[in-house]
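Asks: Take a look at this one; I'll ask things after.
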Amino acid sequence: MTRLAGRAAITGVGYSPFSARSGRTVLDLATEAISGAASDAGLGVHELDGLLCFHENDTALCREVAAALGLSTAGWWNDALAGGNYPCAMVGLATMAVDAGFANHVGCYRALNGRSGVRMGRFRVDDPGGVRQFMVPYGFGTPPQVFAMACRRHMHEFGTTQEQMGKVAMTIRHHASMNERATKREPLTMQQYMESRVISEPLRLYDCCQETDGACAVIVSSHDRARDLRHAPVDILSAVSSAGYMGRYPFDRWPDQTQSSLADQAGALFADAGLERSDIDVAELYDAFSFEIIMQLEELGFCERGAGGSYVDQIGIGLDSPLPINTHGGLLSEGYMQGLNHVCEAVLQLRGECGPRQVAGAATALVTSFGFGSGSALVLARG
Amino acid sequence: MGEKEAATARRPQPVPDADSEGFWSAAKKGELRIRRCLSCRTYIHFPAPVCSVCASRDHEWALVSGRGAVYTFTIVAHATTPGFIPPYAVAWIELEEQAGLRMLSDIVECPPDAVRIGMPVEVVFDKLDGAVGAVVPRFRPRSG
């Protein structure tokens, strides 16, 4: 059964520059990315009739963007309070909106001053109520601290090594070296990785993604409208998402910290797309932390449970491997757009526009947006 | 007051709410009590207003042994919480009353690099100075 295939396509991508200090407002970044995506699609920005974003109280919301761009046509919109679990879900939601006739062209964006403004890594410690009352009094709460717990358990059960995580970080950094947009482009050696400072053991500096200022956007268009635009459309073959009873940070209800809810979604993801895993040409996988690549290889079924580390060792994730992963440099080295940049990169790969990092002949792409307890994923194909 | 005591005094105090009050008030009496569903007898932690298994709202604050084992842990090297001097270990501790029933705590009375997955631990009660005067249950190693 294919629930979404043939209904919508991604027709444009846009970016602001990525940096550690934009010196610009989030509204400025957001409108640049959205205008760029519309222009890339061959649309005037006023032809957008839908807007979607996700945010963590750190962005320019849809109504601000609509006002700034004068989008009197943007009748369908939503601001989702969500994080890295949401980019693929947002594209899936836009697909449903255009398929149901609520809009023809939906601008989907993520915009934040994630380094110079509201930082993800600066976990609030004042007046700890809610779930924070069980974290902050124990000196605990930042994302590296929370995810280090899962990483440690995976190492314990399956023998995953620091060197395997290092190889993930090095390979993804190498991809970033071929991407002018990436914030971290200098080569990373295993020695530099192993000597880098510990953030929250077993996570080292280079296991953790780069908080970033910037914005990116995609345009999701209805199947019919997509055919007339500037580029060959990139078809949305399947989109899955799970809210997940384990989804609440810091995953206190998460029964098995060696796998995420992606494991439950992978079957439907490929079945809906009508593809086998071996049909996927390129994968842009959520990589807030290096070891998430290792876990997702297992959860997506590219290897057996527990074998993600040896997959990285023996098969590899580089451009010359059977499944190149994070060709843009990922969250680890391109920048932390919370994974919407993974969707953008998949589109550019399928259009053959990635220059030295292009995966030759890429016709299908897999994208994940996984915050472990909850998340979403997409399969895309060259139209 | 030594450096360590001065730092400890700066630790954030928990802010209880109606769902968690029973946990923190028990701690002040030196008891570890976990919210437990009266209908299906499932322990729920972090506390929640409703049972995630059977949706019942009837509950008690059940006294538990305070014994458990380390499910996984991290050693924090880059501290972000006032009053905590790195390195220190924080663990998910699986309480012996129920599979998957986990509490977060730093591991005290133990060098961080001696913490291991599976290590048996037990609760101790740490009275914090400060206006709220909270008592925070923490965990230390116990013999087998």
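Order determines the names: the first chain of the structure tokens is A, the second B, and so forth; residues in each chain are numbered 1 upward, and ligands are numbered 1 upward as they are shown.
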Taking only C-alpha atoms into account, what are the residues of chain A at most 9 Å from chain B, put as a PyMOL selection string?
Replies: chain A and resi 122-142+145-146+148-153+156+197-203+245+252-257
Asks: Would you write out those residues with N, CA and C atoms, as a short mmCIF file (atom, residue, chain, number, x, y, z; two decimals), in the first residue's frame?
Replies:
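File result_34.cif, as written:
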data_model
loop_
_atom_site.label_atom_id
_atom_site.label_comp_id
_atom_site.auth_asym_id
_atom_site.auth_seq_id
_atom_site.Cartn_x
_atom_site.Cartn_y
_atom_site.Cartn_z
N ARG A 122 22.22 24.88 25.90
CA ARG A 122 22.14 25.61 27.17
C ARG A 122 20.81 25.27 27.83
N PHE A 123 20.78 24.11 28.41
CA PHE A 123 19.57 23.60 29.06
C PHE A 123 19.22 24.47 30.26
N ARG A 124 17.96 24.84 30.38
CA ARG A 124 17.55 25.72 31.48
C ARG A 124 17.70 25.01 32.83
N VAL A 125 18.29 25.69 33.77
CA VAL A 125 18.47 25.10 35.09
C VAL A 125 17.73 25.87 36.18
N ASP A 126 17.15 27.02 35.82
CA ASP A 126 16.45 27.80 36.84
C ASP A 126 15.06 27.21 37.11
N ASP A 127 14.62 27.33 38.35
CA ASP A 127 13.29 26.87 38.77
C ASP A 127 12.86 25.57 38.10
N PRO A 128 13.60 24.49 38.36
CA PRO A 128 13.30 23.27 37.61
C PRO A 128 11.98 22.60 38.03
N GLY A 129 10.96 22.82 37.20
CA GLY A 129 9.69 22.14 37.39
C GLY A 129 9.47 21.15 36.27
N GLY A 130 8.27 20.59 36.19
CA GLY A 130 7.96 19.62 35.14
C GLY A 130 8.97 18.47 35.15
N VAL A 131 9.33 17.97 33.99
CA VAL A 131 10.30 16.87 33.96
C VAL A 131 11.66 17.33 34.47
N ARG A 132 11.93 18.65 34.39
CA ARG A 132 13.25 19.13 34.80
C ARG A 132 13.49 18.97 36.29
N GLN A 133 12.41 18.83 37.09
CA GLN A 133 12.61 18.66 38.53
C GLN A 133 13.29 17.32 38.86
N PHE A 134 13.24 16.38 37.91
CA PHE A 134 13.88 15.08 38.13
C PHE A 134 15.21 14.98 37.39
N MET A 135 15.65 16.08 36.78
CA MET A 135 16.91 16.08 36.04
C MET A 135 17.91 17.08 36.62
N VAL A 136 17.48 18.34 36.69
CA VAL A 136 18.40 19.43 37.06
C VAL A 136 19.00 19.25 38.46
N PRO A 137 18.22 18.80 39.47
CA PRO A 137 18.84 18.63 40.80
C PRO A 137 19.93 17.56 40.83
N TYR A 138 20.05 16.80 39.74
CA TYR A 138 21.09 15.78 39.64
C TYR A 138 22.20 16.20 38.68
N GLY A 139 22.20 17.48 38.29
CA GLY A 139 23.27 17.96 37.41
C GLY A 139 23.16 17.42 36.00
N PHE A 140 21.93 17.27 35.53
CA PHE A 140 21.69 16.54 34.28
C PHE A 140 20.64 17.25 33.44
N GLY A 141 20.81 17.20 32.12
CA GLY A 141 19.75 17.71 31.28
C GLY A 141 20.09 18.10 29.87
N THR A 142 21.37 18.41 29.55
CA THR A 142 21.67 18.85 28.19
C THR A 142 21.56 17.67 27.21
N GLN A 145 24.30 15.03 27.39
CA GLN A 145 24.20 14.20 28.60
C GLN A 145 23.11 13.14 28.43
N VAL A 146 21.98 13.55 27.88
CA VAL A 146 20.86 12.62 27.70
C VAL A 146 21.22 11.53 26.69
N ALA A 148 24.21 10.59 25.68
CA ALA A 148 25.36 9.77 26.12
C ALA A 148 24.88 8.51 26.82
N MET A 149 23.74 8.61 27.49
CA MET A 149 23.19 7.44 28.20
C MET A 149 22.89 6.30 27.21
N ALA A 150 22.25 6.66 26.10
CA ALA A 150 21.90 5.64 25.09
C ALA A 150 23.16 5.09 24.44
N CYS A 151 24.08 5.99 24.15
CA CYS A 151 25.33 5.57 23.51
C CYS A 151 26.06 4.56 24.38
N ARG A 152 26.16 4.86 25.67
CA ARG A 152 26.85 3.96 26.60
C ARG A 152 26.18 2.58 26.62
N ARG A 153 24.86 2.57 26.63
CA ARG A 153 24.15 1.29 26.69
C ARG A 153 24.39 0.48 25.42
N HIS A 156 27.75 -1.01 25.58
CA HIS A 156 27.76 -2.09 26.56
C HIS A 156 27.16 -3.38 25.97
N ARG A 197 38.18 16.86 23.50
CA ARG A 197 37.74 16.84 24.89
C ARG A 197 36.41 16.10 25.03
N VAL A 198 36.27 15.50 26.20
CA VAL A 198 35.03 14.79 26.51
C VAL A 198 33.98 15.82 26.91
N ILE A 199 32.77 15.68 26.36
CA ILE A 199 31.66 16.54 26.76
C ILE A 199 30.87 15.84 27.86
N SER A 200 30.36 14.66 27.54
CA SER A 200 29.70 13.83 28.54
C SER A 200 29.97 12.40 28.11
N GLU A 201 30.87 11.76 28.84
CA GLU A 201 31.39 10.47 28.42
C GLU A 201 30.26 9.47 28.17
N PRO A 202 30.26 8.73 27.06
CA PRO A 202 31.35 8.57 26.08
C PRO A 202 31.35 9.57 24.92
N LEU A 203 30.58 10.64 24.98
CA LEU A 203 30.54 11.58 23.85
C LEU A 203 31.65 12.61 23.96
N TYR A 245 5.15 7.16 22.76
CA TYR A 245 5.02 7.31 24.21
C TYR A 245 6.38 7.45 24.86
N ASP A 252 12.38 9.14 29.72
CA ASP A 252 12.26 8.39 30.96
C ASP A 252 11.39 7.14 30.79
N ARG A 253 10.53 7.12 29.77
CA ARG A 253 9.69 5.93 29.55
C ARG A 253 10.27 5.02 28.46
N TRP A 254 11.46 5.33 28.03
CA TRP A 254 12.09 4.64 26.90
C TRP A 254 12.61 3.28 27.39
N PRO A 255 11.97 2.17 27.01
CA PRO A 255 12.30 0.89 27.65
C PRO A 255 13.67 0.34 27.25
N ASP A 256 14.06 0.53 26.00
CA ASP A 256 15.32 -0.05 25.53
C ASP A 256 16.12 1.04 24.85
N GLN A 257 17.11 1.54 25.54
CA GLN A 257 17.82 2.71 25.02
C GLN A 257 18.79 2.37 23.90
#
Asks: If you count only C-alpha atoms, which residues fall within 12 Å of Glu47 (chain A), apart from same-chain ones fewer than 3 positions away, as a list in words?
Replies: Ile34, Ser35, Ala37, Ala38, Ser39, Ala41, Gly42, Leu43, Gly44, Gly50, Leu51, Ala66, Leu69, Gly70, Leu71, Ser72, Thr73, Ala74, Gly75, Ala103, Asn104, His105, Val106, Gly107, Ile219, Ser221 and Arg225 of chain A
Asks: Go ahead and save the picked residues with N, CA and C atoms, as a PDB file, in the first residue's frame.
Replies:
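Just written: result-v3.pdb:
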ATOM      1  N   ILE A  34      12.972  31.058   2.494  1.00  0.00           N
ATOM      2  CA  ILE A  34      11.684  30.785   1.836  1.00  0.00           C
ATOM      3  C   ILE A  34      11.652  31.434   0.455  1.00  0.00           C
ATOM      4  N   SER A  35      12.083  32.678   0.369  1.00  0.00           N
ATOM      5  CA  SER A  35      12.124  33.338  -0.938  1.00  0.00           C
ATOM      6  C   SER A  35      13.041  32.584  -1.887  1.00  0.00           C
ATOM      7  N   ALA A  37      13.771  29.394  -1.816  1.00  0.00           N
ATOM      8  CA  ALA A  37      13.155  28.123  -2.216  1.00  0.00           C
ATOM      9  C   ALA A  37      12.087  28.346  -3.280  1.00  0.00           C
ATOM     10  N   ALA A  38      11.299  29.400  -3.106  1.00  0.00           N
ATOM     11  CA  ALA A  38      10.265  29.710  -4.108  1.00  0.00           C
ATOM     12  C   ALA A  38      10.930  30.023  -5.444  1.00  0.00           C
ATOM     13  N   SER A  39      11.953  30.839  -5.402  1.00  0.00           N
ATOM     14  CA  SER A  39      12.662  31.217  -6.615  1.00  0.00           C
ATOM     15  C   SER A  39      13.289  29.994  -7.283  1.00  0.00           C
ATOM     16  N   ALA A  41      12.184  27.061  -7.203  1.00  0.00           N
ATOM     17  CA  ALA A  41      11.098  26.301  -7.840  1.00  0.00           C
ATOM     18  C   ALA A  41      10.576  26.989  -9.102  1.00  0.00           C
ATOM     19  N   GLY A  42      10.955  28.250  -9.289  1.00  0.00           N
ATOM     20  CA  GLY A  42      10.405  29.010 -10.405  1.00  0.00           C
ATOM     21  C   GLY A  42       9.084  29.668 -10.066  1.00  0.00           C
ATOM     22  N   LEU A  43       8.857  29.832  -8.768  1.00  0.00           N
ATOM     23  CA  LEU A  43       7.623  30.461  -8.289  1.00  0.00           C
ATOM     24  C   LEU A  43       7.923  31.864  -7.771  1.00  0.00           C
ATOM     25  N   GLY A  44       6.973  32.756  -7.930  1.00  0.00           N
ATOM     26  CA  GLY A  44       7.031  33.990  -7.181  1.00  0.00           C
ATOM     27  C   GLY A  44       6.645  33.678  -5.742  1.00  0.00           C
ATOM     28  N   GLY A  50       0.646  28.172   1.356  1.00  0.00           N
ATOM     29  CA  GLY A  50       0.709  27.455   2.624  1.00  0.00           C
ATOM     30  C   GLY A  50       2.070  27.674   3.256  1.00  0.00           C
ATOM     31  N   LEU A  51       2.120  27.669   4.582  1.00  0.00           N
ATOM     32  CA  LEU A  51       3.381  27.820   5.315  1.00  0.00           C
ATOM     33  C   LEU A  51       3.397  26.848   6.488  1.00  0.00           C
ATOM     34  N   ALA A  66       4.594  35.399   7.065  1.00  0.00           N
ATOM     35  CA  ALA A  66       3.548  35.756   6.092  1.00  0.00           C
ATOM     36  C   ALA A  66       3.375  37.269   6.026  1.00  0.00           C
ATOM     37  N   LEU A  69       6.514  38.842   4.236  1.00  0.00           N
ATOM     38  CA  LEU A  69       6.561  38.584   2.790  1.00  0.00           C
ATOM     39  C   LEU A  69       5.268  39.022   2.090  1.00  0.00           C
ATOM     40  N   GLY A  70       4.304  39.496   2.875  1.00  0.00           N
ATOM     41  CA  GLY A  70       3.032  39.926   2.283  1.00  0.00           C
ATOM     42  C   GLY A  70       2.259  38.782   1.651  1.00  0.00           C
ATOM     43  N   LEU A  71       2.289  37.641   2.328  1.00  0.00           N
ATOM     44  CA  LEU A  71       1.644  36.450   1.760  1.00  0.00           C
ATOM     45  C   LEU A  71       0.150  36.438   2.085  1.00  0.00           C
ATOM     46  N   SER A  72      -0.594  37.295   1.436  1.00  0.00           N
ATOM     47  CA  SER A  72      -2.041  37.318   1.686  1.00  0.00           C
ATOM     48  C   SER A  72      -2.678  36.010   1.224  1.00  0.00           C
ATOM     49  N   THR A  73      -1.939  35.246   0.412  1.00  0.00           N
ATOM     50  CA  THR A  73      -2.472  33.986  -0.110  1.00  0.00           C
ATOM     51  C   THR A  73      -2.237  32.804   0.819  1.00  0.00           C
ATOM     52  N   ALA A  74      -1.391  32.984   1.836  1.00  0.00           N
ATOM     53  CA  ALA A  74      -1.011  31.838   2.674  1.00  0.00           C
ATOM     54  C   ALA A  74      -2.147  31.492   3.622  1.00  0.00           C
ATOM     55  N   GLY A  75      -3.109  30.744   3.123  1.00  0.00           N
ATOM     56  CA  GLY A  75      -4.301  30.459   3.913  1.00  0.00           C
ATOM     57  C   GLY A  75      -4.143  29.268   4.835  1.00  0.00           C
ATOM     58  N   ALA A 103      -3.853  23.620  -0.262  1.00  0.00           N
ATOM     59  CA  ALA A 103      -2.833  24.523  -0.805  1.00  0.00           C
ATOM     60  C   ALA A 103      -2.237  23.881  -2.048  1.00  0.00           C
ATOM     61  N   ASN A 104      -1.590  24.696  -2.858  1.00  0.00           N
ATOM     62  CA  ASN A 104      -0.869  24.190  -4.031  1.00  0.00           C
ATOM     63  C   ASN A 104       0.633  24.116  -3.783  1.00  0.00           C
ATOM     64  N   HIS A 105       1.150  25.121  -3.082  1.00  0.00           N
ATOM     65  CA  HIS A 105       2.595  25.206  -2.836  1.00  0.00           C
ATOM     66  C   HIS A 105       2.806  25.610  -1.373  1.00  0.00           C
ATOM     67  N   VAL A 106       3.363  24.695  -0.579  1.00  0.00           N
ATOM     68  CA  VAL A 106       3.570  24.963   0.851  1.00  0.00           C
ATOM     69  C   VAL A 106       5.054  25.209   1.109  1.00  0.00           C
ATOM     70  N   GLY A 107       5.358  26.364   1.675  1.00  0.00           N
ATOM     71  CA  GLY A 107       6.731  26.660   2.096  1.00  0.00           C
ATOM     72  C   GLY A 107       6.957  26.080   3.482  1.00  0.00           C
ATOM     73  N   ILE A 219       9.925  23.740  -0.777  1.00  0.00           N
ATOM     74  CA  ILE A 219       8.563  23.952  -1.256  1.00  0.00           C
ATOM     75  C   ILE A 219       7.966  22.597  -1.596  1.00  0.00           C
ATOM     76  N   SER A 221       4.833  20.901  -3.402  1.00  0.00           N
ATOM     77  CA  SER A 221       3.792  21.273  -4.362  1.00  0.00           C
ATOM     78  C   SER A 221       2.939  20.064  -4.695  1.00  0.00           C
ATOM     79  N   ARG A 225       0.714  20.512  -9.996  1.00  0.00           N
ATOM     80  CA  ARG A 225       1.420  21.790 -10.157  1.00  0.00           C
ATOM     81  C   ARG A 225       2.922  21.595 -10.291  1.00  0.00           C
TER      82      ARG A 225
END
Asks: Rounded to one decimal in Å, what is the spacing between CA of Asp272 (chain A) and CA of Ile10 (chain A)?
Replies: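 Distance reported for this atom pair: 17.6 Å.
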Asks: Give the strand (DSSP E) residues of chain B, as DSSP finds them on the backbone, and put them as a PyMOL selection string.
Replies: chain B and resi 33-37+43-44+59-63+67-76+88-95+102-106+120-127+135-141
Asks: Apply DSSP to the backbone of this structure and, from region 20-156 of chain A, keep only the residues in alpha helix (DSSP H); write these as a tab-separated table (two decimals) with N, CA and C atoms, in the first residue's frame.
Replies:
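Contents of the output file out-v7.tsv:
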chain	number	residue	atom	x	y	z
A	26	VAL	N	16.06	36.27	13.15
A	26	VAL	CA	15.58	34.99	12.64
A	26	VAL	C	14.58	35.23	11.49
A	27	LEU	N	13.81	36.30	11.58
A	27	LEU	CA	12.85	36.62	10.51
A	27	LEU	C	13.59	36.88	9.19
A	28	ASP	N	14.71	37.56	9.29
A	28	ASP	CA	15.53	37.83	8.11
A	28	ASP	C	16.01	36.51	7.48
A	29	LEU	N	16.51	35.62	8.33
A	29	LEU	CA	17.01	34.32	7.84
A	29	LEU	C	15.87	33.51	7.22
A	30	ALA	N	14.74	33.47	7.91
A	30	ALA	CA	13.59	32.66	7.45
A	30	ALA	C	13.10	33.14	6.10
A	31	THR	N	12.93	34.45	5.95
A	31	THR	CA	12.38	34.98	4.70
A	31	THR	C	13.37	34.79	3.55
A	32	GLU	N	14.67	34.85	3.84
A	32	GLU	CA	15.65	34.59	2.78
A	32	GLU	C	15.54	33.15	2.27
A	33	ALA	N	15.44	32.20	3.21
A	33	ALA	CA	15.37	30.79	2.82
A	33	ALA	C	14.08	30.49	2.04
A	34	ILE	N	12.97	31.06	2.49
A	34	ILE	CA	11.68	30.79	1.84
A	34	ILE	C	11.65	31.43	0.45
A	35	SER	N	12.08	32.68	0.37
A	35	SER	CA	12.12	33.34	-0.94
A	35	SER	C	13.04	32.58	-1.89
A	36	GLY	N	14.18	32.12	-1.35
A	36	GLY	CA	15.12	31.36	-2.17
A	36	GLY	C	14.52	30.07	-2.68
A	37	ALA	N	13.77	29.39	-1.82
A	37	ALA	CA	13.16	28.12	-2.22
A	37	ALA	C	12.09	28.35	-3.28
A	38	ALA	N	11.30	29.40	-3.11
A	38	ALA	CA	10.27	29.71	-4.11
A	38	ALA	C	10.93	30.02	-5.44
A	39	SER	N	11.95	30.84	-5.40
A	39	SER	CA	12.66	31.22	-6.62
A	39	SER	C	13.29	29.99	-7.28
A	40	ASP	N	13.87	29.10	-6.46
A	40	ASP	CA	14.46	27.87	-6.98
A	40	ASP	C	13.42	27.02	-7.72
A	41	ALA	N	12.18	27.06	-7.20
A	41	ALA	CA	11.10	26.30	-7.84
A	41	ALA	C	10.58	26.99	-9.10
A	62	CYS	N	5.02	31.41	11.50
A	62	CYS	CA	4.42	31.54	10.16
A	62	CYS	C	3.75	32.89	9.96
A	63	ARG	N	3.04	33.37	10.97
A	63	ARG	CA	2.30	34.63	10.75
A	63	ARG	C	3.24	35.82	10.63
A	64	GLU	N	4.40	35.74	11.30
A	64	GLU	CA	5.39	36.81	11.12
A	64	GLU	C	5.99	36.77	9.72
A	65	VAL	N	6.29	35.55	9.27
A	65	VAL	CA	6.87	35.38	7.94
A	65	VAL	C	5.85	35.81	6.87
A	66	ALA	N	4.59	35.40	7.06
A	66	ALA	CA	3.55	35.76	6.09
A	66	ALA	C	3.38	37.27	6.03
A	67	ALA	N	3.45	37.91	7.18
A	67	ALA	CA	3.31	39.37	7.20
A	67	ALA	C	4.50	40.03	6.51
A	68	ALA	N	5.71	39.52	6.81
A	68	ALA	CA	6.92	40.13	6.25
A	68	ALA	C	6.95	39.98	4.73
A	69	LEU	N	6.51	38.84	4.24
A	69	LEU	CA	6.56	38.58	2.79
A	69	LEU	C	5.27	39.02	2.09
A	87	PRO	N	11.27	17.43	10.92
A	87	PRO	CA	11.38	17.86	9.52
A	87	PRO	C	10.65	16.95	8.53
A	88	CYS	N	10.87	15.65	8.61
A	88	CYS	CA	10.21	14.74	7.66
A	88	CYS	C	8.71	14.71	7.91
A	89	ALA	N	8.29	14.80	9.16
A	89	ALA	CA	6.86	14.86	9.47
A	89	ALA	C	6.24	16.10	8.85
A	90	MET	N	6.97	17.20	8.86
A	90	MET	CA	6.47	18.45	8.28
A	90	MET	C	6.25	18.29	6.78
A	91	VAL	N	7.18	17.64	6.11
A	91	VAL	CA	7.02	17.40	4.67
A	91	VAL	C	5.82	16.47	4.42
A	92	GLY	N	5.66	15.48	5.28
A	92	GLY	CA	4.50	14.60	5.16
A	92	GLY	C	3.19	15.35	5.35
A	93	LEU	N	3.17	16.26	6.29
A	93	LEU	CA	1.97	17.07	6.55
A	93	LEU	C	1.66	17.97	5.35
A	94	ALA	N	2.70	18.55	4.79
A	94	ALA	CA	2.50	19.40	3.61
A	94	ALA	C	1.96	18.58	2.44
A	95	THR	N	2.45	17.34	2.33
A	95	THR	CA	1.96	16.44	1.27
A	95	THR	C	0.46	16.22	1.41
A	96	MET	N	0.03	15.97	2.64
A	96	MET	CA	-1.41	15.77	2.88
A	96	MET	C	-2.19	17.03	2.56
A	97	ALA	N	-1.62	18.19	2.89
A	97	ALA	CA	-2.34	19.46	2.67
A	97	ALA	C	-2.53	19.72	1.18
A	98	VAL	N	-1.50	19.51	0.39
A	98	VAL	CA	-1.65	19.78	-1.05
A	98	VAL	C	-2.52	18.71	-1.70
A	99	ASP	N	-2.41	17.49	-1.19
A	99	ASP	CA	-3.23	16.42	-1.76
A	99	ASP	C	-4.71	16.64	-1.46
A	143	PRO	N	21.32	17.97	25.93
A	143	PRO	CA	21.23	16.86	24.96
A	143	PRO	C	22.44	15.92	24.97
A	144	PRO	N	23.69	16.40	25.00
A	144	PRO	CA	24.79	15.42	25.04
A	144	PRO	C	24.72	14.50	26.27
A	145	GLN	N	24.30	15.03	27.39
A	145	GLN	CA	24.20	14.20	28.60
A	145	GLN	C	23.11	13.14	28.43
A	146	VAL	N	21.98	13.55	27.88
A	146	VAL	CA	20.86	12.62	27.70
A	146	VAL	C	21.22	11.53	26.69
A	147	PHE	N	21.82	11.92	25.57
A	147	PHE	CA	22.10	10.94	24.52
A	147	PHE	C	23.32	10.09	24.84
A	148	ALA	N	24.21	10.59	25.68
A	148	ALA	CA	25.36	9.77	26.12
A	148	ALA	C	24.88	8.51	26.82
A	149	MET	N	23.74	8.61	27.49
A	149	MET	CA	23.19	7.44	28.20
A	149	MET	C	22.89	6.30	27.21
A	150	ALA	N	22.25	6.66	26.10
A	150	ALA	CA	21.90	5.64	25.09
A	150	ALA	C	23.16	5.09	24.44
A	151	CYS	N	24.08	5.99	24.15
A	151	CYS	CA	25.33	5.57	23.51
A	151	CYS	C	26.06	4.56	24.38
A	152	ARG	N	26.16	4.86	25.67
A	152	ARG	CA	26.85	3.96	26.60
A	152	ARG	C	26.18	2.58	26.62
A	153	ARG	N	24.86	2.57	26.63
A	153	ARG	CA	24.15	1.29	26.69
A	153	ARG	C	24.39	0.48	25.42
A	154	HIS	N	24.41	1.17	24.29
A	154	HIS	CA	24.68	0.49	23.01
A	154	HIS	C	26.09	-0.10	23.00
A	155	MET	N	27.04	0.65	23.50
A	155	MET	CA	28.43	0.15	23.58
A	155	MET	C	28.49	-1.07	24.49
A	156	HIS	N	27.75	-1.01	25.58
A	156	HIS	CA	27.76	-2.09	26.56
A	156	HIS	C	27.16	-3.38	25.97
Asks: Neighbours of Glu353 (chain A) within 12 Å (only C-alpha atoms; same-chain residues fewer than 5 positions away dropped), as a PyMOL selection string?
Replies: chain A and resi 13+179+231-232+328+344-348+358-362
Asks: So that I can check the surroundings of Lys29 (chain B), please list as a ChimeraX atom specification every protein, DNA and RNA residue that reaches within 10 Å of it, counting only C-alpha atoms and ignoring chain neighbours fewer than 4 positions away.
Replies: /B:24-25,125,135
Asks: Do a neighbour search on region 163-170 of chain A at 9 Å with only C-alpha atoms, toss out local chain neighbours closer than 4 positions, and write the hits as a list in words.
Replies: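 Counting only C-alpha atoms, the residues come to His174, His175, Pro187, Leu188, Thr189, Met190, Tyr193, Met194, Tyr206, Asp207, Cys208, Phe289, Ser290, Phe291, Ile293, Ile294, Gly309, Ser310, Val312, Asp313, Gly316, Ile317, Leu332 and Ser333 of chain A.
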Asks: Write a file of the selected residues as a tab-separated table (two decimals), in the first residue's frame, keeping N, CA and C atoms.
Replies:
chain	number	residue	atom	x	y	z
A	174	HIS	N	34.44	14.78	6.12
A	174	HIS	CA	35.03	14.75	4.77
A	174	HIS	C	33.98	15.19	3.74
A	175	HIS	N	32.76	14.74	3.89
A	175	HIS	CA	31.70	15.18	2.97
A	175	HIS	C	31.50	16.69	3.07
A	187	PRO	N	39.66	19.07	7.52
A	187	PRO	CA	39.69	17.62	7.74
A	187	PRO	C	39.77	17.28	9.23
A	188	LEU	N	39.22	16.13	9.57
A	188	LEU	CA	39.26	15.63	10.95
A	188	LEU	C	39.96	14.27	10.92
A	189	THR	N	41.02	14.13	11.72
A	189	THR	CA	41.73	12.84	11.78
A	189	THR	C	41.26	12.05	13.00
A	190	MET	N	41.54	10.74	12.97
A	190	MET	CA	41.18	9.90	14.11
A	190	MET	C	41.92	10.36	15.37
A	193	TYR	N	40.17	13.30	16.70
A	193	TYR	CA	38.92	12.85	17.30
A	193	TYR	C	39.17	12.25	18.69
A	194	MET	N	40.14	11.32	18.77
A	194	MET	CA	40.38	10.62	20.03
A	194	MET	C	40.95	11.54	21.11
A	206	TYR	N	33.65	15.98	18.99
A	206	TYR	CA	33.32	15.74	17.57
A	206	TYR	C	32.20	14.72	17.39
A	207	ASP	N	31.70	14.17	18.49
A	207	ASP	CA	30.49	13.35	18.41
A	207	ASP	C	29.24	14.21	18.40
A	208	CYS	N	29.39	15.49	18.72
A	208	CYS	CA	28.23	16.36	18.92
A	208	CYS	C	28.10	17.34	17.75
A	289	PHE	N	24.18	13.42	17.05
A	289	PHE	CA	25.34	12.77	17.66
A	289	PHE	C	25.78	11.63	16.74
A	290	SER	N	27.09	11.42	16.67
A	290	SER	CA	27.65	10.47	15.70
A	290	SER	C	27.06	9.08	15.84
A	291	PHE	N	26.86	8.62	17.07
A	291	PHE	CA	26.44	7.23	17.23
A	291	PHE	C	25.01	7.00	16.75
A	293	ILE	N	23.96	7.53	13.87
A	293	ILE	CA	24.09	6.90	12.55
A	293	ILE	C	24.20	5.39	12.72
A	294	ILE	N	25.00	4.97	13.69
A	294	ILE	CA	25.21	3.54	13.94
A	294	ILE	C	23.89	2.87	14.33
A	309	GLY	N	28.01	-0.68	14.29
A	309	GLY	CA	29.42	-0.28	14.40
A	309	GLY	C	30.28	-1.00	13.39
A	310	SER	N	30.08	-2.31	13.26
A	310	SER	CA	30.91	-3.05	12.30
A	310	SER	C	30.52	-2.71	10.86
A	312	VAL	N	29.82	0.33	9.87
A	312	VAL	CA	30.62	1.54	9.62
A	312	VAL	C	32.07	1.16	9.34
A	313	ASP	N	32.61	0.19	10.10
A	313	ASP	CA	33.99	-0.26	9.91
A	313	ASP	C	34.21	-0.93	8.56
A	316	GLY	N	31.24	0.94	5.47
A	316	GLY	CA	31.50	2.37	5.40
A	316	GLY	C	30.28	3.17	4.98
A	317	ILE	N	30.39	4.48	5.16
A	317	ILE	CA	29.27	5.38	4.87
A	317	ILE	C	29.69	6.51	3.93
A	332	LEU	N	26.41	17.26	12.07
A	332	LEU	CA	27.73	17.26	12.70
A	332	LEU	C	28.64	18.32	12.10
A	333	SER	N	28.56	18.52	10.77
A	333	SER	CA	29.53	19.42	10.13
A	333	SER	C	28.93	20.45	9.18
Asks: Using Å and a single decimal, report how far CA of Ser241 (chain A) sits from CA of Ala377 (chain A).
Replies: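 Between CA of Ala377 (chain A) and CA of Ser241 (chain A) the gap is 6.5 Å.
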Asks: Do you know which residues are at most 7 Å from region 368-374 of chain A counting only C-alpha atoms, after dropping those on the same chain fewer than 6 positions away, and could you put them as a PyMOL selection string?
Replies: chain A and resi 84-88+242-244+246-248+251+254+260-261+284-286+339
Asks: Could you name the residues that touch Glu276 (chain A) at 12 Å or less, counting only C-alpha atoms, but leaving out those on the same chain fewer than 5 positions away, as a count of residues only?
Replies: 14
